[in-house]
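Read through the structure below, which is laid out as structure tokens, and then see the notes.
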Amino acid sequence: MLRIEHLDKKYKTGDRALKDVNLEVPKGQVMALIGPSGAGKSTLIRCVNRLVEPTSGRIFLGDLELAHLGATDLRRARTRMGMIFQEYALVERLSVMENVLSGRLGYVGFWRSFFRKFPQSDIDEAFNLLERVGLDHMADKRADELSGGQRQRVGICRALIQNPDLLLVDEPTASLDPKTSRQIMRLICELCEERQLAAIINIHDVLLAQMFARRIVGLQLGSIVYDGPPENLNPDVLTQIYGEEDWEATIEKVKEEDEELDTAALLNIAKVHPPS
Amino acid sequence: MSQGASIRRWKRPPFIQNPTLRWGLWVGAAIYLSVAFGTMEINWDRVAEGVVRGERFLAAFFPPDFVTRWDSIQDGILESLWMTITSTVIGIILSVPVGLGAARNLAYKPVYLFCRGILAVSRTFPEIILAIFFVKLFGFGPFAGFLALSVGTIGFYGKLLAEDIEDMDPVQAEAIKSVGAGWLQWLNYSVQPQVMPRMIGLGIYRLDINFRESAVVGIVGGGGIGATLLTSFDRYEFDSAAAILLVIIGIVMVLEYSSGYIRKWVQ
Amino acid sequence: MPIRQQADTKIWKRRTTKAQFAVWFGWLLGVAIFVYCWRLISDKTIWFFVADAPKQAADMAERMVPPKWSYMEVLWAPVWDTINIATLGTLIAIVIAVPVAFCAARNTTPSVHFVRPVALFIIVSSRSINSLIWALMLVTLIGPGVLAGVIAIGLRSIGFCAKLLYEAIEEIDQSQVEAIIATGAARSQQLSFGIVPQILPAFAGISVFRWDINIRESTVLGLVGAGGIGLQLDSSISTLAWTQVSLILLVILATVIVSEWVSAKIRHAII
């Protein structure tokens with residue numbers, strides 16, 4: 001689905017954020033991108049939808065080459081890539097519904113969007129998605145009235161209503177508490193499964209990456225240093241990515257805590273949304 | 001000396017550490033003040049006379065005379081209000097494109113410099129000087145005042161709009177860009193919601209400023225209440241002047257009160 | 001709620017029908033008011049002059065160049081006066097504004113029911129009258145000259161400074177003051193140890209900001225006879241000495257730019 005060839009990014013300040021990155025993400029695969037802050041994770045996914053202009057290299061979405069598209073074609077290509085942000089990036093003064101519908105902006109003309117006259121099919125889809133994430137009763141709340149987890153769910157809806165082929169997810173859990181983090185990660189993975197979406201998830205939390213992604217890519221100083229299944233993440237690999245540290249404890253802890261927290265989280269969800 | 005060593009004295013450290021600079025500033029200020037007062041030519045006899053007139057002027061407020069010149073007061077005030085409203089509306093409409101162009105994160109460099117240039121020029125000269133020239137060009141009357149106030153509004157509002165856009169949250173803007181929105185859609189969905197509440201408040205504030213200014217452009221022939229006020233001072237009709245001043249203060253207070261209310265409402 | 005259930009589909013609209021009507025009505029009313037005001041202004045305008053204006057403007061611009069540089073000798077004194085009007089006026093304003101602000105701030109006023117309204121009234125009346133009107137009044141009372149200008153600028157600035165200052169006082173961190181009170185300090189000591197240090201930067205910023213505005217305002221006070229460069233502007237325009245006018249405009253421009261630069265520097269040094 002997504003193929004990145006020899007991608008390089010050099011910022012004006014002289015920092016070389018990405019060095020010859022080659023990567024392929026097939027349809028339906030959820031890939032976690034881990035690495036220390038400053039490794040270039042964020043730059044990488046922003047190069048894909050060109051919020052950051054790559055310096056050289058080629059990026060293919062299906063058969064479409066993204067790196068050299070003109071403004072109009074880029075716009076059309078962006079509608080095929082949904083993005084989920086670290087700080088939710090909802091437009092705070094718009095309502096939840098408007099935020100979700102803003103995912104359709106690439107498909108409707110200016111005046112329709114100006115008067116908020118979206119096609120009924122878009123509105124149906126918006127309600128479906130909000131229902132799916134459990135927020136349909138919040139449609140008319142203003143985005144800044146929501147809690148962090150709720151905001152991130154709206155952000156997910158906004159990305160999915162684009163009907164994308166690819167999800168770019170930038171640190172979705174960085175501002176959330178551990179329990180909500182897991183719920184959000186689970187939601188993203190389930191939705192990718194349902195819709196057979198390819199996804200790149202930037203995440204600095206190794207535990208969460210191991211729990212949810214079937215493929216893990218480790219980035220260090222702009223280069224890929226690990227690409228493989230989560231089970232093969234051993235202390236040596238983590239040291240290579242993050243530097244020297246006692247990793248045994250982390251890996252052990254994952255396995256225990258995993259089950260514990262998971263059951264707790266499930267129980268809590270059951271409490272909040274009693275099965276009807 | 002031996003005692004001084006055992007007792008530790010404390011004094012608050014001065015704001016300016018360098019003593020030469022500190023004393024230099026004080027001396028400089030003293031010299032400036034004495035020269036400034038020295039070059040001021042004050043006719044004390046005339047000032048003394050002013051005290052008597054001042055009493056008369058204050059007395060004129062109790063009660064002010066609304067009646068004698070009511071027709072011209074009413075005309076002037078209404079003219080001021082029309083000028084205020086039209087110049088605020090037109091000025092704000094015109095300042096939106098200029099302000100968008102003058103925001104560094106929105107416009108290309110040449111557009112940015114051009115729009116910043118417009119803003120700088122329209123902000124430098126006080127409205128009253130603009131009014132003098134517009135009166136020369138367009139003749140006496142409210143049209144000249146209207147133009148002067150509009151130009152002033154463009155400078156004021158355009159600059160604040162540009163600054164507000166530069167201060168907005170870039171991530172929200174990025175998010176709307178990432179869904180593939182067009183430029184106008186992007187403005188409508190990410191820029192506008194972020195800057196709107198503050199800009200509405202500032203628009204009302206500018207309405208307030210334009211009313212105060214519209215009261216003076218009349219002094220140079222730009223229409224509005226200013227001309228009436230000037231005449232009443234020239235004729236020493238202090239009770240009419242007092243009435244006009246009270247009307248101005250009243251309207252300003254109403255505007256200020258309602259602007260506070262509206263600003264709370266749009267938040 | 002703008003969500004309606006219709007058969008199986010949920011319909012979403014941005015606003016309820018009623019709210020949508022209110023919005024349209026608001027726009028209609030606004031446009032109507034604007035058109036009405038515009039018509040009244042247009043009635044009082046001689047459109048022939050307006051149509052002729054571009055030609056007039058070109059003519060005027062032509063007569064303005066080149067500026068009469070030799071006239072500069074005459075202008076130094078008025079420029080000096082202009083700066084003095086702004087500076088001395090600002091000083092007077094600050095001296096008066098400080099006690100007024102302390103009386104107007106809810107947390108420092110001696111009496112909320114009596115002193116505070118009086119202070120607020122002083123602020124409002126000072127602010128609502130333009131400095132040019134103050135100057136007009138003072139010229140009538142104490143005669144033309146720099147003194148009228150200084151007092152006019154001072155009177156106008158009192159309200160401005162006091163308003164910003166009392167808002168700053170009301171926004172201070174009360175816990176710092178409480179800490180000073182807890183040591184058993186007297187009221188004046190609370191003021192100087194708890195409140196003054198907190199508002200000092202704001203106070204300095206406000207003064208410099210107002211000084212900058214006052215430079216602009218004092219350039220025009222001469223139009224009503226209150227001294228400064230406006231006097232020369234007025235007489236040059238009335239004698240149609242356009243080359244002098246253009247020089248004066250350049251001088252005003254330069255003064256304003258320099259004052260803006262100075263105030264930016266000072267504010268930078270303080271904060």
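Note on naming: chains are A, B, ... as they come in the structure tokens, residues start from 1 per chain, ligands start from 1 in the order shown.
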
Taking only C-alpha atoms into account, produce a table as a tab-separated table in which each residue of chain A with an atom at most 9 Å from an atom of chain C appears once, together with its shortest atom pair and the distance in Å to one decimal, ordered by chain and rising number.
residue	atom	partner	partner_atom	distance
A:Ser95	CA	C:Arg14	CA	8.9
A:Met97	CA	C:Trp12	CA	8.5
A:Glu98	CA	C:Arg14	CA	8.0
A:Phe115	CA	C:Arg14	CA	8.4
A:Arg116	CA	C:Arg14	CA	6.5
A:Lys117	CA	C:Lys13	CA	7.6
A:Gln120	CA	C:Ile11	CA	7.3
A:Ile123	CA	C:Trp12	CA	6.8
A:Asp124	CA	C:Lys10	CA	6.9
A:Phe127	CA	C:Lys10	CA	7.8
A:Ala139	CA	C:Ile3	CA	8.6
A:Asp140	CA	C:Met1	CA	7.4

Can you write out the residues you just picked, keeping C-alpha atoms, as an mmCIF file, in the first residue's frame?
data_model
loop_
_atom_site.group_PDB
_atom_site.id
_atom_site.type_symbol
_atom_site.label_atom_id
_atom_site.label_comp_id
_atom_site.auth_asym_id
_atom_site.auth_seq_id
_atom_site.Cartn_x
_atom_site.Cartn_y
_atom_site.Cartn_z
ATOM 1 C CA SER A 95 -18.507 21.282 17.525
ATOM 2 C CA MET A 97 -19.847 17.047 14.484
ATOM 3 C CA GLU A 98 -18.113 19.845 12.586
ATOM 4 C CA PHE A 115 -22.703 26.668 4.969
ATOM 5 C CA ARG A 116 -22.101 23.260 6.589
ATOM 6 C CA LYS A 117 -24.418 21.607 4.047
ATOM 7 C CA GLN A 120 -26.611 13.264 3.987
ATOM 8 C CA ILE A 123 -23.657 12.833 7.955
ATOM 9 C CA ASP A 124 -24.862 9.235 8.205
ATOM 10 C CA PHE A 127 -23.069 9.337 13.088
ATOM 11 C CA ALA A 139 -22.266 15.457 18.529
ATOM 12 C CA ASP A 140 -23.180 19.040 19.421
#

query = Thr228 of chain B: which residues within 7 Å, counting only C-alpha atoms, same-chain residues fewer than 5 positions away excluded, as a ChimeraX atom specification?
reply = /B:72-73,76

Would you export the selected residues with N, CA and C atoms as an mmCIF file, in the first residue's frame, please?
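Ended up saving to result_22.cif:
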data_model
loop_
_atom_site.group_PDB
_atom_site.id
_atom_site.type_symbol
_atom_site.label_atom_id
_atom_site.label_comp_id
_atom_site.auth_asym_id
_atom_site.auth_seq_id
_atom_site.Cartn_x
_atom_site.Cartn_y
_atom_site.Cartn_z
ATOM 1 N N SER B 72 -28.286 71.310 15.883
ATOM 2 C CA SER B 72 -26.959 71.010 15.334
ATOM 3 C C SER B 72 -26.277 69.904 16.126
ATOM 4 N N ILE B 73 -26.569 69.824 17.435
ATOM 5 C CA ILE B 73 -26.007 68.713 18.218
ATOM 6 C C ILE B 73 -26.507 67.390 17.660
ATOM 7 N N GLY B 76 -24.964 66.622 14.295
ATOM 8 C CA GLY B 76 -23.553 66.249 14.415
ATOM 9 C C GLY B 76 -23.389 64.846 14.968
#

How close does each residue of chain A get to chain B, giving the shortest atom pair and distance in Å to one decimal for every residue with an atom at most 8 Å away, counting only C-alpha atoms, sorted by chain and residue number, as a Markdown table?
| residue | atom | partner | partner_atom | distance |
| --- | --- | --- | --- | --- |
| A:Asn49 | CA | B:Ser178 | CA | 7.0 |
| A:Leu51 | CA | B:Ser178 | CA | 7.2 |
| A:Leu74 | CA | B:Gly180 | CA | 7.6 |
| A:Arg75 | CA | B:Gly180 | CA | 4.4 |
| A:Arg76 | CA | B:Gly180 | CA | 6.2 |
| A:Ala77 | CA | B:Gly180 | CA | 7.4 |
| A:Arg78 | CA | B:Gly180 | CA | 4.8 |
| A:Thr79 | CA | B:Gly180 | CA | 5.0 |
| A:Met81 | CA | B:Val179 | CA | 7.3 |
| A:Gly82 | CA | B:Val179 | CA | 6.6 |
| A:Met83 | CA | B:Ser178 | CA | 6.7 |
| A:Phe85 | CA | B:Ala175 | CA | 7.7 |
| A:Ala89 | CA | B:Gln172 | CA | 4.6 |
| A:Leu90 | CA | B:Gln172 | CA | 5.9 |
| A:Val91 | CA | B:Gln172 | CA | 5.5 |
| A:Glu92 | CA | B:Gln194 | CA | 7.7 |
| A:Arg93 | CA | B:Pro193 | CA | 5.7 |
| A:Leu94 | CA | B:Pro193 | CA | 6.8 |
| A:Ser102 | CA | B:Ile176 | CA | 7.1 |
| A:Gly103 | CA | B:Val179 | CA | 5.6 |
| A:Arg104 | CA | B:Val179 | CA | 7.4 |
| A:Leu105 | CA | B:Ala181 | CA | 5.0 |
| A:Gly106 | CA | B:Ala181 | CA | 4.7 |
| A:Phe110 | CA | B:Gln185 | CA | 5.9 |
| A:Ser113 | CA | B:Gln185 | CA | 7.1 |
| A:Phe114 | CA | B:Asn188 | CA | 6.9 |
| A:Ala159 | CA | B:Val179 | CA | 7.5 |
| A:Gln162 | CA | B:Val179 | CA | 7.1 |

request  = List the neighbours of Arg3 of chain A out to 9 Å using only C-alpha atoms; skip same-chain residues closer than 3 positions along the sequence, and give me the result as a list of chain:residue names.
outcome  = A:Asn22, A:Leu23, A:Glu24, A:Val25, A:Pro26, A:Arg58, A:Ile59, A:Phe60, A:Leu61, A:Gly62

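Among the candidates B:Ser122, B:Thr153, B:Ser259, B:Thr39, the one nearest to chain C when counting only C-alpha atoms is B:Thr39.
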
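For Ser258 of chain B, the set of protein, DNA and RNA residues having any atom at most 12 Å away, when counting only C-alpha atoms and skipping those fewer than 3 positions along the same chain, is Gly201, Ile204, Tyr205, Leu207, Asp208, Ile251, Val252, Met253, Val254, Leu255, Tyr261, Ile262, Arg263, Lys264 and Trp265 of chain B.
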
Emit the selected residues as a PDB file, in the first residue's frame, including N, CA and C atoms.
ATOM      1  N   GLY B 201     -14.332  40.864  19.345  1.00  0.00           N
ATOM      2  CA  GLY B 201     -14.088  41.794  20.445  1.00  0.00           C
ATOM      3  C   GLY B 201     -13.342  43.033  19.973  1.00  0.00           C
ATOM      4  N   ILE B 204     -15.442  45.450  17.926  1.00  0.00           N
ATOM      5  CA  ILE B 204     -16.293  46.326  18.730  1.00  0.00           C
ATOM      6  C   ILE B 204     -15.454  47.402  19.407  1.00  0.00           C
ATOM      7  N   TYR B 205     -14.259  47.024  19.808  1.00  0.00           N
ATOM      8  CA  TYR B 205     -13.347  48.007  20.394  1.00  0.00           C
ATOM      9  C   TYR B 205     -13.034  49.093  19.373  1.00  0.00           C
ATOM     10  N   LEU B 207     -14.926  49.985  16.894  1.00  0.00           N
ATOM     11  CA  LEU B 207     -16.135  50.804  16.744  1.00  0.00           C
ATOM     12  C   LEU B 207     -16.102  51.930  17.768  1.00  0.00           C
ATOM     13  N   ASP B 208     -15.733  51.558  18.977  1.00  0.00           N
ATOM     14  CA  ASP B 208     -15.597  52.488  20.084  1.00  0.00           C
ATOM     15  C   ASP B 208     -14.561  53.575  19.747  1.00  0.00           C
ATOM     16  N   ILE B 251     -22.420  58.255  25.080  1.00  0.00           N
ATOM     17  CA  ILE B 251     -22.389  57.251  24.011  1.00  0.00           C
ATOM     18  C   ILE B 251     -21.187  56.326  24.185  1.00  0.00           C
ATOM     19  N   VAL B 252     -20.028  56.918  24.531  1.00  0.00           N
ATOM     20  CA  VAL B 252     -18.849  56.077  24.735  1.00  0.00           C
ATOM     21  C   VAL B 252     -19.100  55.061  25.839  1.00  0.00           C
ATOM     22  N   MET B 253     -19.752  55.513  26.914  1.00  0.00           N
ATOM     23  CA  MET B 253     -20.016  54.581  28.016  1.00  0.00           C
ATOM     24  C   MET B 253     -20.938  53.458  27.570  1.00  0.00           C
ATOM     25  N   VAL B 254     -21.978  53.814  26.806  1.00  0.00           N
ATOM     26  CA  VAL B 254     -22.888  52.780  26.303  1.00  0.00           C
ATOM     27  C   VAL B 254     -22.118  51.779  25.447  1.00  0.00           C
ATOM     28  N   LEU B 255     -21.272  52.305  24.537  1.00  0.00           N
ATOM     29  CA  LEU B 255     -20.493  51.418  23.672  1.00  0.00           C
ATOM     30  C   LEU B 255     -19.598  50.511  24.491  1.00  0.00           C
ATOM     31  N   TYR B 261     -20.114  43.320  27.263  1.00  0.00           N
ATOM     32  CA  TYR B 261     -21.160  42.304  27.288  1.00  0.00           C
ATOM     33  C   TYR B 261     -21.028  41.352  26.102  1.00  0.00           C
ATOM     34  N   ILE B 262     -20.829  41.958  24.897  1.00  0.00           N
ATOM     35  CA  ILE B 262     -20.739  41.131  23.692  1.00  0.00           C
ATOM     36  C   ILE B 262     -19.489  40.253  23.741  1.00  0.00           C
ATOM     37  N   ARG B 263     -18.391  40.829  24.242  1.00  0.00           N
ATOM     38  CA  ARG B 263     -17.163  40.042  24.297  1.00  0.00           C
ATOM     39  C   ARG B 263     -17.337  38.820  25.185  1.00  0.00           C
ATOM     40  N   LYS B 264     -18.064  38.992  26.297  1.00  0.00           N
ATOM     41  CA  LYS B 264     -18.298  37.854  27.168  1.00  0.00           C
ATOM     42  C   LYS B 264     -19.148  36.800  26.453  1.00  0.00           C
ATOM     43  N   TRP B 265     -20.080  37.303  25.635  1.00  0.00           N
ATOM     44  CA  TRP B 265     -21.028  36.422  24.967  1.00  0.00           C
ATOM     45  C   TRP B 265     -20.366  35.574  23.889  1.00  0.00           C
TER      46      TRP B 265
END

query = Which residues, written as an MDAnalysis selection string, have at least one atom at most 10 Å from Ala57 of chain C, with only C-alpha atoms counted and residues fewer than 2 positions away on the same chain left out?
reply = (chainID B and resid 133:134 136:138) or (chainID C and resid 52:55 59:63)
